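J.: Before I ask anything, here is the structure I am working with.
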Amino acid sequence: MASLQALAAFLPQQGPYHTFSQIALSISDSAFQNYFDGRDLTLIVPSDDAFSNGSSNARGYNFNISDTTLMWEVLLYHIVPGMHDLYSGPSSDMHILLPTARSADLDKNQPQQLVVQNGLIFLNQRVSPKLIDRMGVNKTVIYCIDTVLGFPSTYSWEANNTGLMEEWKSFEAVSGGFEVDDYDGITVFAPADGTWTVQKFVNQIPTGQLRDVYDNHVIPGVTVWSPNFMNGTYTSASGFNYTFNQTSSGHFTVTLNGTTVSITRSDILTWNGVIHLLDGPLWADRSISESGPNSSSAAAPSTTSGTSPTTSLPNADRTEKAGLTTGTVAGIAIAAAVALVSATIVLYGLWRRRQRHIKVLERKEGSIDGPDLPTTALRTSPFTSSNDLTRGSRSLDNATPDVSARSISPAMIEKRSIQSNSFASTSNAFPSSERLTC
């Protein structure tokens with residue numbers, strides 16, 4: 001399309017698409033207007049009736065066609081850089097992700113995505129849009145639909161509205177999970193409802209290790225969509241790497257430290273990340289009934305599977321690990337040092353008392369011919385260094401242990417400003433000015 005003005009003039013001539021054109025022209029931002037100049041684009045254009053009923057797919061926000069800022073956000077989610085033929089995609093039970101012109105609170109300033117199955121089936125929508133028409137003109141592919149697409153909401157809203165994460169939300173609460181909405185980029189692998197029972201699970205896992213189990217399911221600070229599963233190494237908050245495999249039917253399994261589960265639904269988008277549903281929890285590869293309530297290995301990652309932690313806890317907002325807090329460890333160290341000092345002082349006192357007793361006996365027997373025994377003896381102790389030995393004896397009165405404990409502050413996440421996105425165009429999928437039929 002030569003320009004935004006040309007597009008706005010073209011659409012109403014093809015059908016009831018006046019509202020899309022009017023909203024586009026009302027956006028005075030020059031960057032938005034220039035976005036259409038000479039760029040390959042795919043446009044998803046809702047009909048006028050679709051805008052009249054735009055709340056059908058609103059996800060955690062109130063759809064108001066008079067709200068110019070909101071309409072701008074809605075419009076950007078219907079614009080995809082590059083020309084895409086969405087009818088020649090993967091098999092019907094698989095999907096692709098397309099970057100839109102809309103920014104989001106994602107890591108690396110990545111844009112918000114659209115999830116589309118072959119045949120123009122948009123996922124993560126409360127009402128699935130139906131295709132009205134499709135056409136191609138100049139460098140633009142246009143798909144006209146009967147419903148406005150809703151852009152992703154917060155993690156909290158999406159988790160509450162999947163209908164499959166009630167057990168996981170309960171587990172988040174009892175394990176002290178992350179404040180997921182606070183992250184710029186996060187990936188959550190959540191066992192779906194019906195694949196586990198949190199109450200039974202919690203009863204069999206030591207309370208101090210529930211957070212370890214939770215951490216097996218989260219990658220804080222990184223958004224991993226399913227097309228990227230096989231393209232990198234991803235580390236859980238517990239410090240162990242995930243391994244992904246794709247079956248012949250195209251579905252994925254994920255393995256963490258010897259435990260393998262299937263991903264039953266992938267790419268549930270959120271404003272700041274993504275959720276993938278599993279057919280069971282990622283924990284030690286044994287049944288719950290085999291782990292007693294005092295078992296320390298039930299939730300802790302095994303160290304015999306050939307996979308070891310490769311990173312520290314990324315962006316973790318907690319100070320508890322493996323059941324001992326930093327303060328507890330410091331307290332134990334200080335108590336041990338105090339006990340050592342006390343024992344040394346007592347032994348030293350007993351030694352001095354024995355030396356005085358020997359002197360008294362020697363005086364009584366008249367055998368005080370030589371010099372008196374030294375009141376201190378050259379010795380080594382936990383408080384004596386090699387330099388002390390060259391200087392003679394050292395008084396225990398000044399021998400105090402150097403015991404200190406440092407507390408670990410929660411990692412803070414710095415919010416990044418969303419910058420404008422740069423997209424690469426794809427090859428020209430439609431000839432110039434060619435009108436397509438469904």
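Every chain in the structure tokens has a letter given in the order shown (A, B, ...), and although residue numbers restart at 1 in each chain, ligands are simply numbered from 1 in the order shown.
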Mind checking DSSP for stretch 65-279 of chain A and telling me the helix (DSSP H, G or I) residues as a VMD selection string?

T.: chain A and resid 68 to 76 107 to 109 155 to 161 166 to 175 180 to 182 198 to 204 207 to 215 226 to 231

J.: Would you mind telling me which residue in A:Ala101, A:Glu73, A:Tyr155, A:Met94 lies nearest to A:Tyr35 when using only C-alpha atoms?

T.: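 Smallest separation from A:Tyr35 among the options: A:Ala101.
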
J.: Could you check the closest approach to A:Gly185 for each of A:Gln13, A:Gln112, A:Ser47, A:Ser262 and tell me which residue wins, using only C-alpha atoms?

T.: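 Closest to A:Gly185 of all the choices is A:Gln112.
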
J.: In terms of the shortest atom-to-atom distance over only C-alpha atoms, which of A:Ala104, A:Val198, A:Leu282, A:Ala343 is closest to A:Asp215?

T.: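 Ranking A:Ala104, A:Val198, A:Leu282, A:Ala343 by distance to A:Asp215, first place goes to A:Leu282.
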
J.: Given the choices A:Pro227, A:Pro152, A:Gly273, A:Gly82, which gets closest to A:Phe252 if the distance is worked out from only C-alpha atoms?

T.: A:Pro227

J.: Write out as a list in words which residues come within 12 Å of A:Glu172 when counting only C-alpha atoms, dropping same-chain ones fewer than 3 positions away.

T.: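 Counting only C-alpha atoms, the residues come to Ser156, Ala159, Met165, Glu166, Glu167, Trp168, Lys169, Ser175, Gly176, Gly177, Phe178, Glu179, Val180, Val188, Ala190, Pro191, Val198, Val202, Leu210, Arg211, Asp212, Val213, Tyr214, Asp215, His217 and Val218 of chain A.
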
J.: Measuring atom to atom with only C-alpha atoms, identify which of A:Ala31, A:Ile205, A:Ile186, A:Ile268 is nearest to A:Asn124.

T.: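 Of A:Ala31, A:Ile205, A:Ile186, A:Ile268, the one nearest A:Asn124 is A:Ile268, counting only C-alpha atoms.
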
J.: So the first atom is atom CA of A:Leu149 and the second is atom CA of A:Asp40; what is the distance between them in Å, to one decimal place?

T.: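 Pair atom CA of A:Leu149 / atom CA of A:Asp40 returns 21.1 Å.
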
J.: Using atom CA of A:His95 and atom CA of A:Ser248 as the two end points, give the distance in Å to one decimal.

T.: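 It comes out at 15.2 Å.
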
J.: What does the distance from atom CA of A:Gln110 to atom CA of A:Pro281 come to in Å, to one decimal?

T.: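 These atoms are spaced 28.9 Å apart.
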
J.: Could you tell me, as a list in words, which residues of stretch 162-220 of chain A DSSP assigns to strand (DSSP E) when given the backbone?

T.: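 These are the residues in question: Ile186, Thr187, Val188, Phe189, Ala190, Pro191, Val218, Ile219 and Pro220 of chain A.
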